[in-house]
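Engineer: Coordinates in target.csv, CSV, C-alpha atoms and all ligand atoms, are listed below.
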```
chain,number,residue,atom,x,y,z
A,1,MET,CA,0.0,0.0,0.0
A,2,SER,CA,1.4,3.3,-1.0
A,3,LYS,CA,1.6,6.3,1.4
A,4,LYS,CA,-1.7,8.2,2.0
A,5,VAL,CA,-1.6,11.4,0.1
A,6,HIS,CA,-4.2,13.9,-1.0
A,7,VAL,CA,-3.5,15.1,-4.5
A,8,PHE,CA,-4.6,18.7,-5.5
A,9,ASN,CA,-2.4,19.0,-8.5
A,10,ALA,CA,-3.6,21.6,-11.1
A,11,GLY,CA,-2.7,19.3,-14.0
A,12,PRO,CA,-1.8,16.6,-14.9
A,13,CYS,CA,-4.7,15.8,-12.5
A,14,LEU,CA,-5.6,13.1,-10.2
A,15,LEU,CA,-7.4,10.3,-12.0
A,16,PRO,CA,-9.9,7.7,-10.6
A,17,GLN,CA,-8.2,4.6,-9.3
A,18,GLU,CA,-10.5,2.5,-11.6
A,19,ALA,CA,-9.0,4.1,-14.7
A,20,ILE,CA,-5.4,3.6,-13.4
A,21,ASP,CA,-6.2,-0.1,-12.6
A,22,SER,CA,-7.6,-0.6,-16.1
A,23,ALA,CA,-4.6,1.1,-17.6
A,24,ILE,CA,-2.2,-1.3,-15.7
A,25,ALA,CA,-4.1,-4.3,-17.0
A,26,ALA,CA,-4.2,-2.9,-20.6
A,27,LEU,CA,-0.5,-2.2,-20.5
A,28,LYS,CA,0.0,-6.0,-20.0
A,29,ASP,CA,-2.8,-7.2,-22.3
A,30,PHE,CA,-5.2,-5.1,-24.3
A,31,LYS,CA,-8.6,-6.8,-24.4
A,32,GLY,CA,-7.2,-10.3,-24.4
A,33,THR,CA,-5.2,-9.7,-27.6
A,34,GLY,CA,-2.0,-10.7,-25.8
A,35,ILE,CA,-0.5,-7.4,-26.9
A,36,SER,CA,0.1,-4.3,-24.7
A,37,VAL,CA,-2.1,-1.3,-25.4
A,38,LEU,CA,1.2,0.5,-26.2
A,39,SER,CA,1.8,-1.8,-29.1
A,40,VAL,CA,-1.6,-2.5,-30.5
A,41,SER,CA,-2.2,-1.3,-34.0
A,42,HIS,CA,-4.6,1.6,-34.2
A,43,ARG,CA,-6.1,-0.1,-37.3
A,44,THR,CA,-7.4,-3.1,-35.4
A,45,LYS,CA,-11.0,-3.9,-34.5
A,46,GLU,CA,-10.2,-3.8,-30.8
A,47,TRP,CA,-8.7,-0.3,-31.0
A,48,GLU,CA,-11.5,1.0,-33.2
A,49,GLU,CA,-14.0,-0.2,-30.5
A,50,THR,CA,-12.2,1.8,-27.9
A,51,MET,CA,-12.2,4.9,-30.1
A,52,ASP,CA,-15.9,4.4,-30.8
A,53,GLU,CA,-16.6,3.9,-27.1
A,54,CYS,CA,-14.7,7.1,-26.2
A,55,ARG,CA,-16.6,9.2,-28.8
A,56,ALA,CA,-19.9,7.6,-27.6
A,57,LEU,CA,-19.1,8.4,-24.0
A,58,TRP,CA,-18.3,12.0,-24.8
A,59,LYS,CA,-21.6,12.4,-26.7
A,60,GLU,CA,-23.7,10.7,-24.0
A,61,LEU,CA,-22.2,12.3,-21.0
A,62,LEU,CA,-22.2,15.9,-22.4
A,63,ASN,CA,-25.4,15.4,-24.5
A,64,ILE,CA,-23.6,16.5,-27.6
A,65,PRO,CA,-26.2,17.2,-30.4
A,66,ASP,CA,-25.9,15.7,-33.9
A,67,THR,CA,-24.9,19.1,-35.2
A,68,HIS,CA,-21.6,18.7,-33.4
A,69,GLU,CA,-18.7,16.2,-33.6
A,70,VAL,CA,-16.0,15.4,-31.1
A,71,VAL,CA,-12.4,14.7,-32.2
A,72,PHE,CA,-9.3,13.8,-30.2
A,73,LEU,CA,-6.0,15.3,-31.2
A,74,GLY,CA,-2.4,15.9,-30.0
A,75,GLY,CA,-0.5,19.1,-29.4
A,76,GLY,CA,-2.1,20.2,-26.2
A,77,ALA,CA,-4.7,22.9,-25.7
A,78,SER,CA,-1.9,25.4,-26.6
A,79,LEU,CA,-2.0,24.1,-30.2
A,80,GLN,CA,-5.8,24.5,-30.3
A,81,PHE,CA,-5.2,28.3,-29.8
A,82,LEU,CA,-3.8,28.2,-33.4
A,83,TYR,CA,-6.5,25.8,-34.7
A,84,VAL,CA,-9.2,28.2,-33.5
A,85,ALA,CA,-7.9,31.1,-35.5
A,86,MET,CA,-7.0,29.0,-38.5
A,87,ASN,CA,-10.5,27.4,-38.8
A,88,PHE,CA,-12.7,30.3,-37.6
A,89,LEU,CA,-11.0,33.7,-38.0
A,90,GLU,CA,-11.8,35.5,-41.2
A,91,LYS,CA,-12.2,39.2,-40.5
A,92,LYS,CA,-12.0,39.9,-36.8
A,93,ALA,CA,-12.4,38.0,-33.5
A,94,ALA,CA,-12.8,39.0,-29.9
A,95,TYR,CA,-11.3,37.4,-26.9
A,96,LEU,CA,-12.3,37.7,-23.3
A,97,ASP,CA,-8.9,38.1,-21.5
A,98,THR,CA,-9.4,36.4,-18.2
A,99,GLY,CA,-5.9,35.0,-17.5
A,100,VAL,CA,-2.7,33.6,-18.9
A,101,TRP,CA,-4.3,31.0,-21.1
A,102,ALA,CA,-6.9,33.3,-22.5
A,103,HIS,CA,-4.2,35.8,-23.3
A,104,LYS,CA,-2.0,33.2,-25.0
A,105,ALA,CA,-5.1,32.1,-27.1
A,106,LEU,CA,-5.5,35.8,-28.1
A,107,GLN,CA,-1.8,36.1,-29.0
A,108,GLN,CA,-1.9,33.1,-31.3
A,109,ALA,CA,-4.9,34.5,-33.1
A,110,GLN,CA,-3.2,37.8,-33.6
A,111,GLY,CA,-0.5,35.9,-35.5
A,112,ILE,CA,-3.1,34.8,-38.0
A,113,GLY,CA,-5.4,37.8,-38.3
A,114,GLU,CA,-7.2,40.6,-36.5
A,115,ALA,CA,-8.1,39.7,-32.9
A,116,TYR,CA,-8.5,41.9,-29.8
A,117,ALA,CA,-9.4,41.7,-26.1
A,118,ILE,CA,-13.1,42.7,-25.7
A,119,ALA,CA,-12.6,43.0,-22.0
A,120,CYS,CA,-9.7,42.2,-19.6
A,121,SER,CA,-9.3,41.6,-15.9
A,122,ALA,CA,-5.6,42.0,-15.7
A,123,ASP,CA,-6.1,45.2,-13.8
A,124,LYS,CA,-6.8,43.1,-10.7
A,125,ASN,CA,-4.5,40.2,-11.5
A,126,TYR,CA,-7.3,38.3,-13.2
A,127,THR,CA,-9.2,37.8,-10.0
A,128,TYR,CA,-12.6,38.4,-11.6
A,129,ILE,CA,-14.6,37.8,-14.8
A,130,PRO,CA,-15.4,41.0,-16.7
A,131,LYS,CA,-19.1,41.6,-17.3
A,132,GLY,CA,-21.3,44.0,-19.1
A,133,TYR,CA,-19.1,44.6,-22.2
A,134,GLU,CA,-20.8,45.1,-25.6
A,135,ILE,CA,-20.4,42.3,-28.1
A,136,PRO,CA,-20.3,43.7,-31.7
A,137,LYS,CA,-22.4,41.7,-34.2
A,138,ASP,CA,-19.8,41.8,-36.9
A,139,ILE,CA,-17.1,39.6,-35.3
A,140,ASP,CA,-16.4,36.0,-36.4
A,141,TYR,CA,-16.5,34.7,-32.8
A,142,LEU,CA,-16.1,35.5,-29.2
A,143,HIS,CA,-13.5,33.3,-27.4
A,144,ILE,CA,-13.8,32.6,-23.7
A,145,THR,CA,-11.9,30.5,-21.2
A,146,THR,CA,-14.5,29.1,-18.9
A,147,ASN,CA,-12.2,28.2,-16.1
A,148,ASN,CA,-9.1,30.1,-15.3
A,149,THR,CA,-6.9,27.4,-13.9
A,150,ILE,CA,-4.2,29.7,-12.5
A,151,TYR,CA,-6.4,32.4,-10.9
A,152,GLY,CA,-9.4,30.3,-9.8
A,153,THR,CA,-12.2,32.2,-11.5
A,154,GLU,CA,-14.9,30.4,-13.6
A,155,ILE,CA,-17.7,31.3,-15.9
A,156,LYS,CA,-20.2,28.8,-14.5
A,157,GLU,CA,-23.1,29.2,-17.0
A,158,ASP,CA,-23.3,29.0,-20.8
A,159,TYR,CA,-23.5,32.5,-22.2
A,160,ASP,CA,-26.2,33.5,-24.7
A,161,CYS,CA,-24.0,35.0,-27.2
A,162,PRO,CA,-25.1,37.0,-30.3
A,163,VAL,CA,-22.0,35.8,-32.3
A,164,PRO,CA,-20.4,32.3,-32.5
A,165,LEU,CA,-19.0,31.3,-29.2
A,166,ILE,CA,-15.8,29.4,-28.7
A,167,ALA,CA,-14.6,28.1,-25.4
A,168,ASP,CA,-11.4,26.7,-23.9
A,169,MET,CA,-12.8,24.3,-21.3
A,170,SER,CA,-9.6,22.6,-20.5
A,171,SER,CA,-10.0,22.8,-16.7
A,172,ASP,CA,-13.8,22.5,-16.2
A,173,ILE,CA,-15.0,20.2,-19.0
A,174,MET,CA,-17.3,17.4,-17.6
A,175,SER,CA,-17.5,19.2,-14.2
A,176,ARG,CA,-21.0,20.6,-14.9
A,177,PRO,CA,-23.6,20.2,-17.6
A,178,VAL,CA,-22.9,22.3,-20.7
A,179,ASP,CA,-25.4,23.3,-23.4
A,180,VAL,CA,-23.1,22.3,-26.3
A,181,SER,CA,-25.6,23.8,-28.8
A,182,LYS,CA,-24.6,27.3,-27.6
A,183,TYR,CA,-21.0,26.8,-28.8
A,184,ASP,CA,-19.4,26.5,-32.2
A,185,LEU,CA,-16.3,25.0,-30.6
A,186,ILE,CA,-15.4,23.7,-27.2
A,187,TYR,CA,-11.8,22.4,-26.7
A,188,GLY,CA,-9.3,21.6,-24.1
A,189,GLY,CA,-6.4,19.4,-22.9
A,190,ALA,CA,-7.6,16.2,-21.2
A,191,GLN,CA,-5.1,16.4,-18.4
A,192,LYS,CA,-7.1,18.8,-16.2
A,193,ASN,CA,-10.3,16.8,-15.7
A,194,VAL,CA,-10.8,13.9,-18.1
A,195,GLY,CA,-7.6,12.0,-18.7
A,196,PRO,CA,-3.8,12.1,-18.8
A,197,ALA,CA,-1.6,14.5,-20.7
A,198,GLY,CA,-1.2,13.9,-24.4
A,199,VAL,CA,-4.7,14.2,-25.8
A,200,VAL,CA,-6.9,17.1,-26.6
A,201,PHE,CA,-10.7,17.1,-27.2
A,202,ALA,CA,-12.5,19.4,-29.6
A,203,ILE,CA,-16.3,19.5,-30.0
A,204,ILE,CA,-17.1,21.3,-33.2
A,205,ARG,CA,-20.3,22.5,-34.8
A,206,LYS,CA,-19.8,20.9,-38.2
A,207,ASP,CA,-21.6,23.5,-40.3
A,208,ALA,CA,-19.4,26.3,-38.8
A,209,LEU,CA,-16.4,24.9,-40.6
A,210,GLY,CA,-15.3,25.8,-44.2
A,211,LYS,CA,-16.1,29.5,-43.9
A,212,VAL,CA,-12.6,31.0,-44.0
A,213,SER,CA,-10.8,31.7,-47.2
A,214,ARG,CA,-7.3,30.9,-46.0
A,215,TYR,CA,-5.4,27.8,-46.8
A,216,ILE,CA,-5.4,25.5,-43.8
A,217,PRO,CA,-2.7,22.9,-43.5
A,218,THR,CA,-4.2,19.4,-43.5
A,219,MET,CA,-3.3,18.6,-39.9
A,220,LEU,CA,-4.7,22.0,-38.6
A,221,ASP,CA,-8.0,21.6,-40.4
A,222,TYR,CA,-10.7,20.2,-38.1
A,223,ARG,CA,-12.4,18.7,-41.2
A,224,THR,CA,-9.5,16.3,-41.7
A,225,HIS,CA,-10.0,14.9,-38.2
A,226,ILE,CA,-13.8,14.8,-38.4
A,227,ASP,CA,-13.7,13.0,-41.7
A,228,LYS,CA,-11.2,10.4,-40.5
A,229,GLY,CA,-12.7,9.8,-37.0
A,230,SER,CA,-9.6,11.2,-35.3
A,231,MET,CA,-7.5,8.6,-37.1
A,232,PHE,CA,-6.0,10.6,-39.9
A,233,ASN,CA,-2.6,10.0,-38.2
A,234,THR,CA,-1.7,7.8,-35.3
A,235,PRO,CA,-3.8,8.9,-32.4
A,236,PRO,CA,-2.3,9.1,-28.8
A,237,VAL,CA,-3.5,5.6,-28.2
A,238,PHE,CA,-2.6,5.2,-24.5
A,239,ALA,CA,-3.9,8.6,-23.5
A,240,ILE,CA,-7.2,8.0,-25.3
A,241,TYR,CA,-7.5,4.6,-23.6
A,242,ILE,CA,-7.1,6.2,-20.1
A,243,MET,CA,-9.5,9.0,-21.0
A,244,THR,CA,-12.1,6.4,-22.1
A,245,GLU,CA,-11.7,4.5,-18.7
A,246,THR,CA,-12.0,7.8,-16.9
A,247,LEU,CA,-15.3,8.6,-18.7
A,248,ARG,CA,-16.5,5.1,-18.0
A,249,TRP,CA,-15.9,5.8,-14.3
A,250,LEU,CA,-17.8,9.1,-14.6
A,251,LYS,CA,-20.7,7.4,-16.2
A,252,SER,CA,-20.7,4.6,-13.5
A,253,ILE,CA,-21.1,7.1,-10.7
A,254,GLY,CA,-24.0,8.9,-12.3
A,255,GLY,CA,-22.5,11.1,-15.0
A,256,ILE,CA,-22.3,14.8,-14.9
A,257,PRO,CA,-25.3,15.6,-12.7
A,258,ALA,CA,-23.7,13.4,-10.0
A,259,ILE,CA,-20.2,14.8,-10.4
A,260,GLN,CA,-21.5,18.4,-10.4
A,261,LYS,CA,-23.2,17.8,-7.0
A,262,ARG,CA,-19.9,16.4,-5.6
A,263,ASN,CA,-17.9,19.3,-7.1
A,264,GLN,CA,-20.3,21.8,-5.5
A,265,GLU,CA,-20.0,20.1,-2.1
A,266,LYS,CA,-16.2,20.0,-2.3
A,267,ALA,CA,-15.9,23.6,-3.3
A,268,ALA,CA,-18.4,24.7,-0.6
A,269,LEU,CA,-16.5,22.9,2.1
A,270,LEU,CA,-13.2,24.5,1.1
A,271,TYR,CA,-14.4,28.0,0.5
A,272,GLY,CA,-16.4,27.8,3.7
A,273,GLU,CA,-13.2,27.1,5.6
A,274,ILE,CA,-11.2,29.8,3.8
A,275,ASP,CA,-13.9,32.3,4.7
A,276,ARG,CA,-14.2,31.1,8.3
A,277,ASN,CA,-10.5,30.6,9.1
A,278,SER,CA,-8.7,33.7,10.3
A,279,MET,CA,-5.4,32.6,8.8
A,280,PHE,CA,-6.4,32.6,5.2
A,281,VAL,CA,-8.2,34.7,2.6
A,282,GLY,CA,-9.5,33.7,-0.9
A,283,THR,CA,-8.1,35.7,-3.9
A,284,ALA,CA,-10.9,35.4,-6.5
A,285,ALA,CA,-14.0,37.6,-6.4
A,286,LYS,CA,-16.7,35.6,-4.6
A,287,GLU,CA,-19.3,35.5,-7.4
A,288,ASP,CA,-16.6,34.2,-9.8
A,289,ARG,CA,-15.0,31.6,-7.6
A,290,SER,CA,-14.0,28.5,-9.5
A,291,LEU,CA,-15.3,25.1,-8.4
A,292,MET,CA,-12.2,23.5,-9.8
A,293,ASN,CA,-9.2,25.6,-8.7
A,294,VAL,CA,-9.5,27.2,-5.3
A,295,CYS,CA,-6.9,29.9,-4.7
A,296,PHE,CA,-6.1,31.4,-1.3
A,297,VAL,CA,-3.3,33.2,0.5
A,298,MET,CA,-2.3,33.9,4.1
A,299,ALA,CA,-4.5,36.6,5.7
A,300,PRO,CA,-3.0,40.1,6.0
A,301,GLY,CA,-0.4,40.1,8.8
A,302,LYS,CA,0.1,36.3,8.6
A,303,GLU,CA,2.1,36.4,5.3
A,304,ASP,CA,5.3,35.2,7.0
A,305,LEU,CA,3.5,31.9,8.0
A,306,GLN,CA,3.2,30.8,4.4
A,307,ASP,CA,6.2,28.5,4.3
A,308,GLU,CA,5.3,27.1,7.6
A,309,PHE,CA,1.7,26.2,6.5
A,310,MET,CA,3.1,24.6,3.3
A,311,ALA,CA,5.4,22.4,5.3
A,312,PHE,CA,2.7,21.6,7.8
A,313,ALA,CA,0.3,20.6,5.0
A,314,LYS,CA,2.9,18.6,3.3
A,315,ALA,CA,3.6,16.6,6.5
A,316,GLN,CA,-0.1,15.7,6.6
A,317,GLY,CA,0.0,14.3,3.1
A,318,MET,CA,-1.3,17.3,1.0
A,319,VAL,CA,0.3,17.4,-2.4
A,320,GLY,CA,0.1,20.1,-5.1
A,321,ILE,CA,-1.3,23.0,-3.1
A,322,LYS,CA,1.4,25.6,-4.0
A,323,GLY,CA,-0.2,28.5,-5.9
A,324,HIS,CA,1.0,29.4,-9.4
A,325,ARG,CA,4.0,31.7,-9.3
A,326,SER,CA,2.0,34.5,-10.7
A,327,VAL,CA,-0.5,34.4,-7.8
A,328,GLY,CA,1.5,33.0,-4.9
A,329,GLY,CA,-0.1,31.4,-1.9
A,330,PHE,CA,-2.0,28.3,-2.4
A,331,ARG,CA,-4.2,26.6,-4.9
A,332,ALA,CA,-6.1,23.4,-4.4
A,333,SER,CA,-7.5,21.8,-7.6
A,334,LEU,CA,-10.7,19.9,-6.9
A,335,TYR,CA,-11.1,18.1,-10.2
A,336,ASN,CA,-13.6,15.3,-10.6
A,337,ALA,CA,-11.5,12.5,-9.1
A,338,CYS,CA,-10.7,14.5,-6.0
A,339,THR,CA,-13.0,13.3,-3.2
A,340,LEU,CA,-14.8,15.1,-0.4
A,341,GLU,CA,-12.5,13.2,2.0
A,342,ASP,CA,-9.5,14.7,0.3
A,343,VAL,CA,-11.0,18.2,0.8
A,344,GLN,CA,-11.9,17.4,4.4
A,345,ALA,CA,-8.3,16.4,5.1
A,346,LEU,CA,-7.1,19.8,3.8
A,347,VAL,CA,-9.8,21.6,5.8
A,348,ASP,CA,-8.8,19.7,8.9
A,349,CYS,CA,-5.2,20.7,8.3
A,350,MET,CA,-6.2,24.4,8.0
A,351,LYS,CA,-8.2,24.2,11.2
A,352,GLU,CA,-5.3,22.6,13.1
A,353,PHE,CA,-2.9,25.2,11.8
A,354,GLU,CA,-5.2,28.0,13.0
A,355,LYS,CA,-5.3,26.4,16.5
A,356,LEU,CA,-1.5,26.3,16.6
A,357,HIS,CA,-1.3,30.0,16.0
A,358,CYS,CA,-3.9,31.5,18.3
B,401,LIG,C1,-3.5,24.0,-18.9
B,401,LIG,C2,-4.3,24.9,-19.7
B,401,LIG,C3,-4.0,25.1,-21.1
B,401,LIG,C4,-2.8,24.6,-21.7
B,401,LIG,O1,-2.9,23.2,-22.0
B,401,LIG,P1,-1.7,22.4,-22.7
B,401,LIG,O2,-2.4,21.1,-22.9
B,401,LIG,O3,-0.6,22.3,-21.7
B,401,LIG,O4,-1.3,23.1,-23.9
B,401,LIG,C5,-4.9,25.9,-21.8
B,401,LIG,N1,-6.0,26.4,-21.3
B,401,LIG,C6,-6.3,26.2,-20.0
B,401,LIG,C7,-7.6,26.8,-19.4
B,401,LIG,C8,-5.5,25.4,-19.2
B,401,LIG,O5,-5.9,25.2,-17.9
```
Now, as a test, write the supplied structure out as structure tokens.

Structural biologist:
Amino acid sequence: MSKKVHVFNAGPCLLPQEAIDSAIAALKDFKGTGISVLSVSHRTKEWEETMDECRALWKELLNIPDTHEVVFLGGGASLQFLYVAMNFLEKKAAYLDTGVWAHKALQQAQGIGEAYAIACSADKNYTYIPKGYEIPKDIDYLHITTNNTIYGTEIKEDYDCPVPLIADMSSDIMSRPVDVSKYDLIYGGAQKNVGPAGVVFAIIRKDALGKVSRYIPTMLDYRTHIDKGSMFNTPPVFAIYIMTETLRWLKSIGGIPAIQKRNQEKAALLYGEIDRNSMFVGTAAKEDRSLMNVCFVMAPGKEDLQDEFMAFAKAQGMVGIKGHRSVGGFRASLYNACTLEDVQALVDCMKEFEKLHC
């Protein structure tokens, strides 16, 4: 038995033990073929079944309508920043600049065409989601980042948008129900909530493609991957396998409504403690607090206890709670596989630390 730890890593994320166990078995023997999943040909019936199951689970869990298709690609969410502009930017695009990732997405688009920040929360170190800005009707799309992994803010509802809406959902996909019909594109890296690093998902409104006049290189054209069922080139087989097992687990526990409830409970428990505990304060604006990444710092006057709390928490088995260097303090990522018990352990640790110091 390995050491008891509570993993709050921001990504790659904790994955359900069921998925890890299936992966161990498949590393030795993929579906009774006698071959490791690492060596199985992606052109076999056994692999195609896994690919089909993965696609079907995505469609079922997220209620993806027939107007949309889901594809699995390599290159990380960061390469999707370029795909977005290549496939959708004709005249002008607007980006909601809510953090480092949103800003990087904007910068990639600016290398392709005209793109600008429609609103930006950098004035307060990205601790809130801008609201009330005017969306012009003549833009190709509005790009949003629904969950800001580094700053712990989240857009928790699906916007009604007068222009095509594109969303980076890397770090909150499958954490809550999403009305996919409201988006022309939803994409993200799997490693924050649905699988290991190495695979990306993109859910695309099929009839929104083919409207730009530029030449799109074959590999960067979503149509290539839709036409070939994500098998134009060798897919990231092992990453897709583990993602499939992770989604199977999600379905087995009741799907998205069930996980949303768990995620709400976990976040309420931790934010409740942050607000109660005199040693800590949250950094994100309350109404925009992320259910996935909870950011907090030492309370004013207690700043010099930061290293001590980090060491104290580490000794109690807490892993991955150091805040991103651009925010400091602490960040606990409460992705789907993180349990209420894990969060309770962190909360207990915070309570004990407070007792030690008053
Ligand atoms: C992590 C992250 C990215 C970058 O993902 P890579 O797969 O490492 O390129 C992009 N957007 C968001 C919201 C993220 O959390």

Engineer: Can I get the residues close to ligand LIG 401 (chain B) as a list in words, where close means within 8 Å and we count only C-alpha atoms and all ligand atoms?

Structural biologist: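 Taking only C-alpha atoms and all ligand atoms into account, the residues around ligand LIG 401 (chain B) at most 8 Å away are Gly11, Gly75, Gly76, Ala77, Ser78, Leu79, Gln80, Trp101, Ala102, Thr145, Thr146, Asn147, Asn148, Thr149, Ile150, Asp168, Met169, Ser170, Ser171, Gly188, Gly189, Ala190, Gln191, Lys192, Ala197, Gly198, Val199 and Val200 of chain A.
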
Engineer: In Å to one decimal, how far is atom CA of A:Ser278 from atom CA of A:Val343?

Structural biologist: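 Separation of atom CA of A:Val343 and atom CA of A:Ser278: 18.3 Å.
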
Engineer: Pick out the closest residue to A:Cys54 from this set: A:Ala208, A:Ala105, A:Ile226, A:Val71. Count all atoms listed in the file.

Structural biologist: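 The answer is A:Val71, which sits nearest to A:Cys54.
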
Engineer: With distances taken over only C-alpha atoms, which of A:His103, A:Leu185, A:Asp29, A:Leu89 is nearest to A:Phe201?

Structural biologist: A:Leu185

Engineer: For A:Cys295, please output as JSON, numbers by chain all residues within 6 Å (counting all atoms listed in the file; exclusion window: fewer than 3 positions along the same chain).

Structural biologist: {"A": [152, 282, 283, 330, 331]}

Engineer: Name the residues in contact with A:Ala284 at a cut-off of 10 Å, using all atoms listed in the file, excluding same-chain residues fewer than 2 positions from it; report them as a list in words.

Structural biologist: Lys124, Asn125, Tyr126, Thr127, Tyr128, Ile129, Tyr151, Gly152, Thr153, Glu154, Val281, Gly282, Lys286, Glu287, Asp288, Arg289, Ser290, Val294, Cys295 and Phe296 of chain A

Engineer: Keeping only C-alpha atoms, write the selected residues as a PDB file, in the frame of the given file.

Structural biologist:
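Saved file again.pdb follows:
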```pdb
ATOM      1  CA  LYS A 124      -6.800  43.100 -10.700  1.00  0.00           C
ATOM      2  CA  ASN A 125      -4.500  40.200 -11.500  1.00  0.00           C
ATOM      3  CA  TYR A 126      -7.300  38.300 -13.200  1.00  0.00           C
ATOM      4  CA  THR A 127      -9.200  37.800 -10.000  1.00  0.00           C
ATOM      5  CA  TYR A 128     -12.600  38.400 -11.600  1.00  0.00           C
ATOM      6  CA  ILE A 129     -14.600  37.800 -14.800  1.00  0.00           C
ATOM      7  CA  TYR A 151      -6.400  32.400 -10.900  1.00  0.00           C
ATOM      8  CA  GLY A 152      -9.400  30.300  -9.800  1.00  0.00           C
ATOM      9  CA  THR A 153     -12.200  32.200 -11.500  1.00  0.00           C
ATOM     10  CA  GLU A 154     -14.900  30.400 -13.600  1.00  0.00           C
ATOM     11  CA  VAL A 281      -8.200  34.700   2.600  1.00  0.00           C
ATOM     12  CA  GLY A 282      -9.500  33.700  -0.900  1.00  0.00           C
ATOM     13  CA  LYS A 286     -16.700  35.600  -4.600  1.00  0.00           C
ATOM     14  CA  GLU A 287     -19.300  35.500  -7.400  1.00  0.00           C
ATOM     15  CA  ASP A 288     -16.600  34.200  -9.800  1.00  0.00           C
ATOM     16  CA  ARG A 289     -15.000  31.600  -7.600  1.00  0.00           C
ATOM     17  CA  SER A 290     -14.000  28.500  -9.500  1.00  0.00           C
ATOM     18  CA  VAL A 294      -9.500  27.200  -5.300  1.00  0.00           C
ATOM     19  CA  CYS A 295      -6.900  29.900  -4.700  1.00  0.00           C
ATOM     20  CA  PHE A 296      -6.100  31.400  -1.300  1.00  0.00           C
TER      21      PHE A 296
END
```

Engineer: Please provide as a list in words all residues within 12 Å of A:Ile253, with the sequence filter that same-chain residues fewer than 3 positions apart are discarded (counting only C-alpha atoms).

Structural biologist: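 After dropping sequence-adjacent residues, the list is Pro16, Glu18, Leu61, Thr246, Leu247, Arg248, Trp249, Leu250, Ile256, Pro257, Ala258, Ile259, Gln260, Lys261, Arg262, Asn336 and Ala337 of chain A.
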
Engineer: Is it possible to get the residues within 9 Å of (-8.6, 19.1, -11.5) (coordinates as in the file, counting all atoms listed in the file) written as JSON, numbers by chain?

Structural biologist: {"A": [8, 9, 10, 11, 12, 13, 14, 15, 149, 171, 172, 191, 192, 193, 194, 292, 293, 332, 333, 334, 335, 336, 337, 338]}

Engineer: Mind pulling up the distance from atom CA of A:Asp342 to atom CA of A:Glu157?

Structural biologist: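 It comes out at 26.4 Å.
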
Engineer: Calculated over all atoms listed in the file, which of the candidates A:Cys358, A:Leu209, A:Val5, A:Leu82 has the smallest distance to A:Ala313?

Structural biologist: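 Smallest distance to A:Ala313 is found for A:Val5.
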
Engineer: Using only C-alpha atoms, can you tell me which of A:Thr33, A:Asn87, A:Ser41, A:Asn233 comes closest to A:Pro217?

Structural biologist: A:Asn87

Engineer: What gap, in Å, lies between atom CA of A:Thr244 and atom CA of A:Asn263?

Structural biologist: 20.6 Å

Engineer: Pick the closest to A:Glu60 from A:Val37, A:Ala94, A:Val180, A:Met86: which is it, counting only C-alpha atoms?

Structural biologist: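 Nearest candidate to A:Glu60 out of A:Val37, A:Ala94, A:Val180, A:Met86: A:Val180.
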
Engineer: May I ask which of the residues A:Met51, A:Val237, A:Ala25, A:Ile118 is the closest one to A:Leu106, counting all atoms listed in the file?

Structural biologist: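 Under the stated criterion, the closest residue is A:Ile118.
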